[in-house]
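One structure below.
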Amino acid sequence: MDRRVFLTRRRPQSSLQNTNKVPPRIFGSGLNPYTGNWTRNEVAHLLKRTMFGAKKGDVDYFLTRSVSDAVDELINTVPVVNPPLREYGLIEDEFGVLFDDLGVPQGQTWVQDFNTTSDPSVISGINRFRGESLRKWWAGLILHQNRSICEKMVLFWHHHFSVQKEEVENATFLYRHHDLLRRNALGNVRELTKEVTIDPAMLIHLNGYLNSKLAPDENFARELQELMTVGKGIDSLYTENDVIEAARVLTGWRIDLKTMTSFLDTRSHDIANKTFSAFYNNATITGNSNGLQEIDQFINMIFNTPETAKFICRKLYKWFIYYEIDDATETNVIAPLATIFINNNFEIRPVLETLLKSEHFFDALNQACYIKSPFDLIVGTLREFNVSLPPYTDHATGYPVFYSVYKKAAEMQQDLLQPPDVSGWPSYYQEPMHYELWINSNSLPKRADYTNDLIKDNILDLRMFANYSSNPADPNQLVEDVSGLLFRYPLSSASKTYIKDKFLLNNSGNDAVWTNAWNTNNASLIKTSLDQMFAFLMNLPEYHLC
């Protein structure tokens, strides 16, 4: 986005004229290891991009590490998590009839219970409530993330291999799809793609379970190539016949509702040979009754095409760095990343390690240059203010809290298990707006209401946050330190003076007004001043930049 446009869109010009100039995005940086300054600025940049928010404690922690050690810890820390739990007692259907969740005790996991009842209304009700508990559990995991890139990567793969709750409906399939992404979030992308291809949730979402040799369904075959592997750039030269042949490879895969797994119905599988275009080196997949062998050949063929590695690296780049990729970035960043990806047999860690340790990642032009997603805003705020939350395993008191988080994010256009379509969330791919799509006449007031309500309801301990300052009694130092912690894009000196005078000095121009209030612990004045100042700061455009 053009930060100059965004930063002046809502600001009163008379009070907060920002004189910072944004230079053209002309890079001299590539993938060489970063050797520059390692200050709070660089640590916060790394953490806000790889996690949700940058807590002061985490910033302090990683300041004691090197760049290389910090990135290694972020990409090698993979938490082991417990599954979602049954939250409610008896469940009420649409007619007001109460029924039990098939004997799964409240507070126990339902992920191994397969809904064997034949009553459709009961199954629908159970799946609805289990699906909600899945979303709450996931939001809880995001809130309680370790010092790890894992949660950002799980959400990335959910965007990449998008499925929708409204299409899939079955909560067990949705959980297993999520678990598949989580287990492979930092693993081998080629193997993950093979598993996703026959994952029951994906088979339902893109009609794979209807694909038959007598009536081939091209839906998944097309989206797999266009949106998940090869892409649709100028060098993605697969043909319509490649889509047809791919659909033939994928015929016959069905779902066993007793085991909640997929299997090959050999009667519906096309066992003839499938021949692809020159884009795929005229490869021929030998047809047989072993569908897994064909899928293995098929996915290997796709990943043997250099454009697949480039396409996935571009998506990672847009997720972690910036949404536009110019010719220089394609040559100096994307192409070498793709080579690393290929040379490491499509393991994702070496790609992330190289990118996140690079001078390009820490280039000033790649900092504070995109708008926070709803989860970056909501979860980042709660984490950075150290809001106390129940454990993610607490279904009784935790799930209701986590519900409010995922619900707020959904209202701001980022709904877990319900991306808008198979392409994922438009902000990560739709030209020319990209991240600017997070901000519109509907979502912007919701963002403001959210942070305002956190302050109004005393959810945020603003006094504690003010104490992060090296000298909170000094209004100049307080504004300097607080704005430095909250913002990735710096305020001008004039803006800081305006904020100090208006909210801490009561427009008196006398610094002693705040210093005396702080030193004498004038609790009422301190609270009023901090409430108003933080509400103002968190409604500035700078707060929405990451």
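Identifiers in this document derive from the order of the structure tokens: chains are assigned A, B, ..., residues are numbered from 1 separately in each chain, and ligands are numbered from 1 in order of occurrence.
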
- [ ] Excluding Leu186 (chain A) and residues on its chain fewer than 4 positions from it, collect all residues at most 9 Å away from it, counting only C-alpha atoms, and give them as a list in words.
- [x] Ile75, Asn76, Val78, Ile149, Cys150, Met153, Val154, Arg182, Glu347, Ile348 and Arg349 of chain A

Return as JSON lines the residues of region 445-472 of chain A lying at most 12 Å from region 521-525 of chain A, together with the closest atom-to-atom pair for each and the distance in Å to one decimal, counting only C-alpha atoms, with rows in chain order and ascending residue number.
```
{"residue": "A:Leu462", "atom": "CA", "partner": "A:Ala523", "partner_atom": "CA", "distance": 11.9}
{"residue": "A:Arg463", "atom": "CA", "partner": "A:Ala523", "partner_atom": "CA", "distance": 9.6}
{"residue": "A:Pro472", "atom": "CA", "partner": "A:Asn521", "partner_atom": "CA", "distance": 11.8}
```

Preceding selection exported with N, CA and C atoms as a PDB file, in the first residue's frame:
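Contents of the output file result_18.pdb:
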```
ATOM      1  N   LEU A 462      -3.637  -0.125  31.446  1.00  0.00           N
ATOM      2  CA  LEU A 462      -2.873   0.960  30.832  1.00  0.00           C
ATOM      3  C   LEU A 462      -1.787   1.477  31.762  1.00  0.00           C
ATOM      4  N   ARG A 463      -2.040   1.438  33.046  1.00  0.00           N
ATOM      5  CA  ARG A 463      -1.026   1.880  34.020  1.00  0.00           C
ATOM      6  C   ARG A 463       0.200   0.967  33.930  1.00  0.00           C
ATOM      7  N   PRO A 472       8.096   7.040  33.319  1.00  0.00           N
ATOM      8  CA  PRO A 472       6.702   7.412  33.044  1.00  0.00           C
ATOM      9  C   PRO A 472       6.287   8.739  33.658  1.00  0.00           C
TER      10      PRO A 472
END
```

Open item on the list: Give me, as a PyMOL selection string, all polymer residues having an atom no more than 10 Å from Gly398 (chain A), counting only C-alpha atoms and skipping those fewer than 3 positions away in the same chain.
Closed with: chain A and resi 87+136-137+140+389-395+401-403

Please return, as a short mmCIF file (atom, residue, chain, number, x, y, z; two decimals) with N, CA and C atoms, in the first residue's frame, all residues of region 138-341 of chain A that DSSP assigns to helix (DSSP H, G or I) on the basis of the backbone.
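The file below, part.cif, is the result:
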```cif
data_model
loop_
_atom_site.label_atom_id
_atom_site.label_comp_id
_atom_site.auth_asym_id
_atom_site.auth_seq_id
_atom_site.Cartn_x
_atom_site.Cartn_y
_atom_site.Cartn_z
N TRP A 138 -9.22 -23.01 18.47
CA TRP A 138 -8.18 -22.47 17.60
C TRP A 138 -7.84 -21.03 17.99
N ALA A 139 -8.86 -20.22 18.27
CA ALA A 139 -8.60 -18.85 18.71
C ALA A 139 -7.80 -18.85 20.01
N GLY A 140 -8.11 -19.80 20.90
CA GLY A 140 -7.35 -19.91 22.15
C GLY A 140 -5.90 -20.25 21.91
N LEU A 141 -5.62 -21.11 20.93
CA LEU A 141 -4.24 -21.45 20.60
C LEU A 141 -3.50 -20.23 20.06
N ILE A 142 -4.17 -19.44 19.24
CA ILE A 142 -3.54 -18.23 18.70
C ILE A 142 -3.23 -17.25 19.83
N LEU A 143 -4.15 -17.12 20.76
CA LEU A 143 -3.93 -16.21 21.90
C LEU A 143 -2.78 -16.67 22.79
N CYS A 150 4.63 -20.92 14.45
CA CYS A 150 3.69 -21.99 14.13
C CYS A 150 2.28 -21.48 13.85
N GLU A 151 1.74 -20.63 14.72
CA GLU A 151 0.35 -20.20 14.54
C GLU A 151 0.18 -19.37 13.27
N LYS A 152 1.18 -18.55 12.95
CA LYS A 152 1.09 -17.79 11.69
C LYS A 152 1.12 -18.74 10.49
N MET A 153 1.88 -19.83 10.60
CA MET A 153 1.98 -20.77 9.49
C MET A 153 0.71 -21.62 9.36
N VAL A 154 0.10 -21.98 10.47
CA VAL A 154 -1.17 -22.72 10.39
C VAL A 154 -2.22 -21.87 9.68
N LEU A 155 -2.27 -20.60 10.03
CA LEU A 155 -3.23 -19.71 9.37
C LEU A 155 -2.87 -19.51 7.90
N PHE A 156 -1.58 -19.46 7.60
CA PHE A 156 -1.15 -19.36 6.20
C PHE A 156 -1.64 -20.55 5.39
N TRP A 157 -1.46 -21.75 5.91
CA TRP A 157 -1.89 -22.94 5.15
C TRP A 157 -3.41 -23.02 5.07
N HIS A 158 -4.10 -22.51 6.08
CA HIS A 158 -5.57 -22.47 5.99
C HIS A 158 -5.99 -21.53 4.86
N HIS A 159 -5.28 -20.43 4.70
CA HIS A 159 -5.52 -19.53 3.58
C HIS A 159 -5.16 -20.21 2.25
N HIS A 160 -4.06 -20.93 2.23
CA HIS A 160 -3.56 -21.55 1.00
C HIS A 160 -4.43 -22.73 0.57
N LYS A 165 -16.33 -24.02 6.45
CA LYS A 165 -17.22 -24.74 7.36
C LYS A 165 -18.61 -24.91 6.75
N GLU A 166 -19.09 -23.91 6.07
CA GLU A 166 -20.44 -24.00 5.49
C GLU A 166 -20.53 -25.07 4.42
N GLU A 167 -19.42 -25.35 3.75
CA GLU A 167 -19.41 -26.39 2.72
C GLU A 167 -19.20 -27.76 3.33
N VAL A 168 -18.27 -27.87 4.27
CA VAL A 168 -17.88 -29.18 4.81
C VAL A 168 -18.86 -29.65 5.87
N ALA A 171 -17.82 -31.56 11.63
CA ALA A 171 -16.79 -31.01 12.50
C ALA A 171 -15.56 -31.90 12.57
N THR A 172 -15.75 -33.21 12.51
CA THR A 172 -14.61 -34.11 12.56
C THR A 172 -13.72 -33.93 11.34
N PHE A 173 -14.33 -33.79 10.15
CA PHE A 173 -13.54 -33.53 8.95
C PHE A 173 -12.78 -32.21 9.06
N LEU A 174 -13.44 -31.20 9.61
CA LEU A 174 -12.80 -29.90 9.76
C LEU A 174 -11.63 -29.98 10.73
N TYR A 175 -11.82 -30.70 11.83
CA TYR A 175 -10.71 -30.85 12.78
C TYR A 175 -9.56 -31.59 12.15
N ARG A 176 -9.85 -32.66 11.44
CA ARG A 176 -8.77 -33.44 10.85
C ARG A 176 -8.03 -32.64 9.77
N HIS A 177 -8.76 -31.82 9.04
CA HIS A 177 -8.11 -30.95 8.07
C HIS A 177 -7.19 -29.96 8.80
N HIS A 178 -7.69 -29.35 9.85
CA HIS A 178 -6.88 -28.43 10.64
C HIS A 178 -5.66 -29.14 11.20
N ASP A 179 -5.85 -30.31 11.75
CA ASP A 179 -4.75 -31.07 12.34
C ASP A 179 -3.71 -31.42 11.29
N LEU A 180 -4.16 -31.73 10.08
CA LEU A 180 -3.24 -32.00 8.98
C LEU A 180 -2.36 -30.78 8.70
N LEU A 181 -2.96 -29.61 8.64
CA LEU A 181 -2.20 -28.38 8.41
C LEU A 181 -1.26 -28.09 9.57
N ARG A 182 -1.73 -28.30 10.78
CA ARG A 182 -0.91 -28.01 11.96
C ARG A 182 0.29 -28.94 12.03
N ARG A 183 0.08 -30.23 11.80
CA ARG A 183 1.18 -31.19 11.88
C ARG A 183 2.24 -30.95 10.81
N VAL A 189 6.20 -29.49 2.00
CA VAL A 189 5.01 -28.97 1.33
C VAL A 189 4.50 -29.95 0.27
N ARG A 190 5.39 -30.65 -0.39
CA ARG A 190 4.94 -31.63 -1.38
C ARG A 190 4.13 -32.74 -0.72
N GLU A 191 4.62 -33.24 0.43
CA GLU A 191 3.89 -34.29 1.12
C GLU A 191 2.58 -33.77 1.69
N LEU A 192 2.58 -32.54 2.19
CA LEU A 192 1.34 -31.93 2.67
C LEU A 192 0.32 -31.85 1.54
N THR A 193 0.77 -31.45 0.34
CA THR A 193 -0.14 -31.32 -0.80
C THR A 193 -0.74 -32.67 -1.18
N LYS A 194 0.05 -33.73 -1.10
CA LYS A 194 -0.47 -35.08 -1.38
C LYS A 194 -1.56 -35.45 -0.40
N GLU A 195 -1.32 -35.14 0.89
CA GLU A 195 -2.32 -35.50 1.90
C GLU A 195 -3.59 -34.66 1.76
N VAL A 196 -3.42 -33.37 1.46
CA VAL A 196 -4.59 -32.51 1.28
C VAL A 196 -5.44 -32.99 0.10
N THR A 197 -4.81 -33.52 -0.92
CA THR A 197 -5.51 -33.97 -2.12
C THR A 197 -6.57 -35.01 -1.82
N PRO A 200 -10.58 -35.70 3.49
CA PRO A 200 -12.04 -35.66 3.36
C PRO A 200 -12.63 -34.26 3.29
N ALA A 201 -12.13 -33.32 4.09
CA ALA A 201 -12.66 -31.96 4.04
C ALA A 201 -12.46 -31.35 2.67
N MET A 202 -11.30 -31.54 2.07
CA MET A 202 -11.05 -30.99 0.74
C MET A 202 -11.85 -31.74 -0.32
N LEU A 203 -12.01 -33.05 -0.16
CA LEU A 203 -12.82 -33.82 -1.11
C LEU A 203 -14.25 -33.29 -1.14
N ILE A 204 -14.75 -32.90 0.02
CA ILE A 204 -16.11 -32.35 0.08
C ILE A 204 -16.13 -30.92 -0.47
N HIS A 205 -15.17 -30.11 -0.05
CA HIS A 205 -15.20 -28.69 -0.38
C HIS A 205 -15.12 -28.44 -1.88
N GLY A 208 -14.41 -33.35 -4.82
CA GLY A 208 -13.60 -34.49 -5.20
C GLY A 208 -14.30 -35.81 -4.97
N TYR A 209 -15.16 -35.87 -3.96
CA TYR A 209 -15.85 -37.11 -3.66
C TYR A 209 -16.91 -37.46 -4.72
N LEU A 210 -17.19 -36.54 -5.64
CA LEU A 210 -18.13 -36.79 -6.73
C LEU A 210 -17.41 -37.14 -8.04
N ASN A 219 -13.13 -29.68 -10.72
CA ASN A 219 -13.04 -28.57 -9.77
C ASN A 219 -11.70 -28.57 -9.02
N PHE A 220 -11.42 -29.64 -8.30
CA PHE A 220 -10.18 -29.67 -7.53
C PHE A 220 -8.96 -29.69 -8.43
N ALA A 221 -9.04 -30.43 -9.54
CA ALA A 221 -7.90 -30.51 -10.47
C ALA A 221 -7.51 -29.12 -10.95
N ARG A 222 -8.49 -28.27 -11.18
CA ARG A 222 -8.21 -26.91 -11.65
C ARG A 222 -7.65 -26.04 -10.52
N GLU A 223 -8.31 -26.08 -9.36
CA GLU A 223 -7.89 -25.21 -8.26
C GLU A 223 -6.54 -25.65 -7.69
N LEU A 224 -6.26 -26.94 -7.71
CA LEU A 224 -4.97 -27.41 -7.23
C LEU A 224 -3.84 -26.77 -8.03
N GLN A 225 -4.00 -26.70 -9.33
CA GLN A 225 -2.96 -26.12 -10.16
C GLN A 225 -2.99 -24.59 -10.11
N GLU A 226 -4.16 -24.00 -10.23
CA GLU A 226 -4.25 -22.54 -10.34
C GLU A 226 -3.99 -21.83 -9.04
N LEU A 227 -4.46 -22.39 -7.91
CA LEU A 227 -4.42 -21.67 -6.65
C LEU A 227 -3.47 -22.25 -5.61
N MET A 228 -3.05 -23.50 -5.77
CA MET A 228 -2.30 -24.17 -4.72
C MET A 228 -0.88 -24.58 -5.11
N THR A 229 -0.59 -24.65 -6.41
CA THR A 229 0.74 -25.12 -6.79
C THR A 229 1.38 -24.28 -7.91
N GLU A 240 -5.67 -26.58 -20.67
CA GLU A 240 -6.99 -27.10 -20.29
C GLU A 240 -6.98 -28.62 -20.28
N ASN A 241 -6.23 -29.19 -21.19
CA ASN A 241 -6.15 -30.66 -21.20
C ASN A 241 -5.43 -31.18 -19.95
N ASP A 242 -4.50 -30.40 -19.41
CA ASP A 242 -3.85 -30.80 -18.15
C ASP A 242 -4.86 -30.86 -17.01
N VAL A 243 -5.82 -29.95 -17.02
CA VAL A 243 -6.88 -29.99 -16.00
C VAL A 243 -7.72 -31.26 -16.17
N ILE A 244 -8.04 -31.58 -17.40
CA ILE A 244 -8.85 -32.77 -17.68
C ILE A 244 -8.12 -34.04 -17.25
N GLU A 245 -6.84 -34.12 -17.61
CA GLU A 245 -6.06 -35.30 -17.25
C GLU A 245 -5.88 -35.40 -15.73
N ALA A 246 -5.69 -34.26 -15.08
CA ALA A 246 -5.56 -34.26 -13.62
C ALA A 246 -6.84 -34.76 -12.96
N ALA A 247 -7.98 -34.33 -13.50
CA ALA A 247 -9.26 -34.80 -12.96
C ALA A 247 -9.38 -36.32 -13.09
N ARG A 248 -8.88 -36.87 -14.18
CA ARG A 248 -8.91 -38.33 -14.37
C ARG A 248 -8.03 -39.04 -13.34
N VAL A 249 -6.88 -38.44 -13.03
CA VAL A 249 -6.01 -39.02 -12.00
C VAL A 249 -6.75 -39.12 -10.67
N THR A 266 -12.35 -48.32 -6.61
CA THR A 266 -11.69 -48.68 -7.88
C THR A 266 -12.68 -48.76 -9.03
N ARG A 267 -13.95 -48.96 -8.72
CA ARG A 267 -14.95 -49.03 -9.79
C ARG A 267 -15.17 -47.66 -10.43
N SER A 268 -14.90 -46.60 -9.68
CA SER A 268 -15.10 -45.24 -10.19
C SER A 268 -13.80 -44.58 -10.64
N ALA A 278 3.47 -30.26 -22.63
CA ALA A 278 4.90 -29.95 -22.59
C ALA A 278 5.26 -29.15 -21.34
N PHE A 279 4.31 -28.42 -20.80
CA PHE A 279 4.58 -27.70 -19.55
C PHE A 279 5.02 -28.66 -18.47
N TYR A 280 4.46 -29.87 -18.49
CA TYR A 280 4.84 -30.92 -17.55
C TYR A 280 5.76 -31.94 -18.20
N GLY A 291 -4.65 -45.90 -6.43
CA GLY A 291 -4.81 -44.46 -6.57
C GLY A 291 -3.72 -43.65 -5.91
N LEU A 292 -3.15 -44.16 -4.80
CA LEU A 292 -2.10 -43.43 -4.12
C LEU A 292 -0.84 -43.34 -4.98
N GLN A 293 -0.56 -44.39 -5.74
CA GLN A 293 0.59 -44.34 -6.63
C GLN A 293 0.40 -43.27 -7.70
N GLU A 294 -0.80 -43.17 -8.24
CA GLU A 294 -1.07 -42.16 -9.25
C GLU A 294 -0.97 -40.75 -8.66
N ILE A 295 -1.51 -40.55 -7.47
CA ILE A 295 -1.42 -39.24 -6.83
C ILE A 295 0.03 -38.89 -6.54
N ASP A 296 0.80 -39.88 -6.12
CA ASP A 296 2.21 -39.64 -5.86
C ASP A 296 2.92 -39.17 -7.13
N GLN A 297 2.67 -39.85 -8.24
CA GLN A 297 3.26 -39.44 -9.52
C GLN A 297 2.77 -38.05 -9.94
N PHE A 298 1.49 -37.82 -9.75
CA PHE A 298 0.87 -36.56 -10.18
C PHE A 298 1.44 -35.36 -9.42
N ILE A 299 1.47 -35.47 -8.08
CA ILE A 299 1.98 -34.36 -7.27
C ILE A 299 3.48 -34.18 -7.50
N ASN A 300 4.22 -35.27 -7.64
CA ASN A 300 5.65 -35.15 -7.96
C ASN A 300 5.85 -34.42 -9.28
N MET A 301 5.01 -34.73 -10.26
CA MET A 301 5.09 -34.07 -11.57
C MET A 301 4.88 -32.57 -11.43
N ILE A 302 3.89 -32.17 -10.64
CA ILE A 302 3.60 -30.75 -10.44
C ILE A 302 4.77 -30.06 -9.75
N PHE A 303 5.33 -30.70 -8.72
CA PHE A 303 6.43 -30.07 -7.98
C PHE A 303 7.75 -30.11 -8.75
N PRO A 306 9.41 -26.02 -12.12
CA PRO A 306 10.01 -24.92 -11.33
C PRO A 306 9.01 -23.85 -10.91
N GLU A 307 7.97 -23.64 -11.70
CA GLU A 307 7.02 -22.59 -11.39
C GLU A 307 6.28 -22.85 -10.07
N THR A 308 6.14 -24.12 -9.68
CA THR A 308 5.47 -24.44 -8.42
C THR A 308 6.25 -23.89 -7.24
N ALA A 309 7.56 -24.10 -7.22
CA ALA A 309 8.38 -23.58 -6.13
C ALA A 309 8.31 -22.06 -6.09
N LYS A 310 8.34 -21.42 -7.25
CA LYS A 310 8.27 -19.95 -7.29
C LYS A 310 6.91 -19.47 -6.78
N PHE A 311 5.85 -20.15 -7.20
CA PHE A 311 4.51 -19.72 -6.80
C PHE A 311 4.34 -19.78 -5.28
N ILE A 312 4.78 -20.86 -4.65
CA ILE A 312 4.64 -20.98 -3.20
C ILE A 312 5.53 -19.97 -2.49
N CYS A 313 6.72 -19.73 -3.01
CA CYS A 313 7.59 -18.72 -2.41
C CYS A 313 6.99 -17.32 -2.53
N ARG A 314 6.31 -17.06 -3.64
CA ARG A 314 5.63 -15.75 -3.78
C ARG A 314 4.54 -15.60 -2.73
N LYS A 315 3.79 -16.65 -2.48
CA LYS A 315 2.72 -16.56 -1.48
C LYS A 315 3.30 -16.34 -0.09
N LEU A 316 4.40 -17.02 0.21
CA LEU A 316 5.06 -16.79 1.49
C LEU A 316 5.56 -15.36 1.59
N TYR A 317 6.10 -14.85 0.50
CA TYR A 317 6.61 -13.48 0.47
C TYR A 317 5.48 -12.49 0.76
N LYS A 318 4.35 -12.67 0.11
CA LYS A 318 3.23 -11.76 0.33
C LYS A 318 2.68 -11.88 1.75
N TRP A 319 2.78 -13.03 2.34
CA TRP A 319 2.29 -13.25 3.70
C TRP A 319 3.19 -12.59 4.74
N PHE A 320 4.51 -12.67 4.54
CA PHE A 320 5.45 -12.22 5.55
C PHE A 320 6.15 -10.90 5.24
N ASP A 327 10.11 -6.80 -10.54
CA ASP A 327 11.05 -7.64 -11.28
C ASP A 327 12.33 -7.89 -10.48
N ALA A 328 12.80 -6.86 -9.79
CA ALA A 328 14.03 -7.02 -9.02
C ALA A 328 13.83 -8.02 -7.88
N THR A 329 12.69 -7.93 -7.20
CA THR A 329 12.40 -8.86 -6.12
C THR A 329 12.24 -10.28 -6.66
N GLU A 330 11.60 -10.41 -7.81
CA GLU A 330 11.45 -11.73 -8.43
C GLU A 330 12.83 -12.34 -8.69
N THR A 331 13.76 -11.53 -9.19
CA THR A 331 15.09 -12.03 -9.54
C THR A 331 15.96 -12.27 -8.31
N ASN A 332 15.93 -11.32 -7.38
CA ASN A 332 16.88 -11.35 -6.26
C ASN A 332 16.38 -12.08 -5.02
N VAL A 333 15.07 -12.32 -4.94
CA VAL A 333 14.50 -12.94 -3.75
C VAL A 333 13.72 -14.21 -4.10
N ILE A 334 12.72 -14.09 -4.97
CA ILE A 334 11.84 -15.22 -5.24
C ILE A 334 12.59 -16.36 -5.92
N ALA A 335 13.33 -16.06 -6.98
CA ALA A 335 14.03 -17.12 -7.72
C ALA A 335 15.03 -17.87 -6.84
N PRO A 336 15.90 -17.18 -6.08
CA PRO A 336 16.81 -17.94 -5.21
C PRO A 336 16.10 -18.69 -4.09
N LEU A 337 15.00 -18.14 -3.56
CA LEU A 337 14.22 -18.87 -2.56
C LEU A 337 13.67 -20.15 -3.16
N ALA A 338 13.17 -20.07 -4.39
CA ALA A 338 12.64 -21.26 -5.06
C ALA A 338 13.72 -22.32 -5.24
N THR A 339 14.92 -21.88 -5.56
CA THR A 339 16.03 -22.83 -5.70
C THR A 339 16.33 -23.52 -4.38
N ILE A 340 16.32 -22.75 -3.29
CA ILE A 340 16.51 -23.33 -1.96
C ILE A 340 15.41 -24.34 -1.65
N PHE A 341 14.19 -23.98 -2.00
CA PHE A 341 13.03 -24.84 -1.78
C PHE A 341 13.21 -26.17 -2.52
#
```

Can you check which parts of region 53-138 of chain A lie within 7 Å of region 350-360 of chain A? Per residue, the shortest pair of atoms and distance in Å to one decimal, counting only C-alpha atoms, sorted by chain and number, as CSV.
```
residue,atom,partner,partner_atom,distance
A:Val67,CA,A:Lys357,CA,6.7
A:Ser68,CA,A:Lys357,CA,6.3
A:Val71,CA,A:Glu353,CA,6.7
```

Open item on the list: List the spatial neighbours of Asp421 (chain A) as a ChimeraX atom specification - criterion: any atom at most 10 Å away, only C-alpha atoms, same-chain residues fewer than 3 positions off excluded.
Closed with: /A:159,162-164,418,424-426
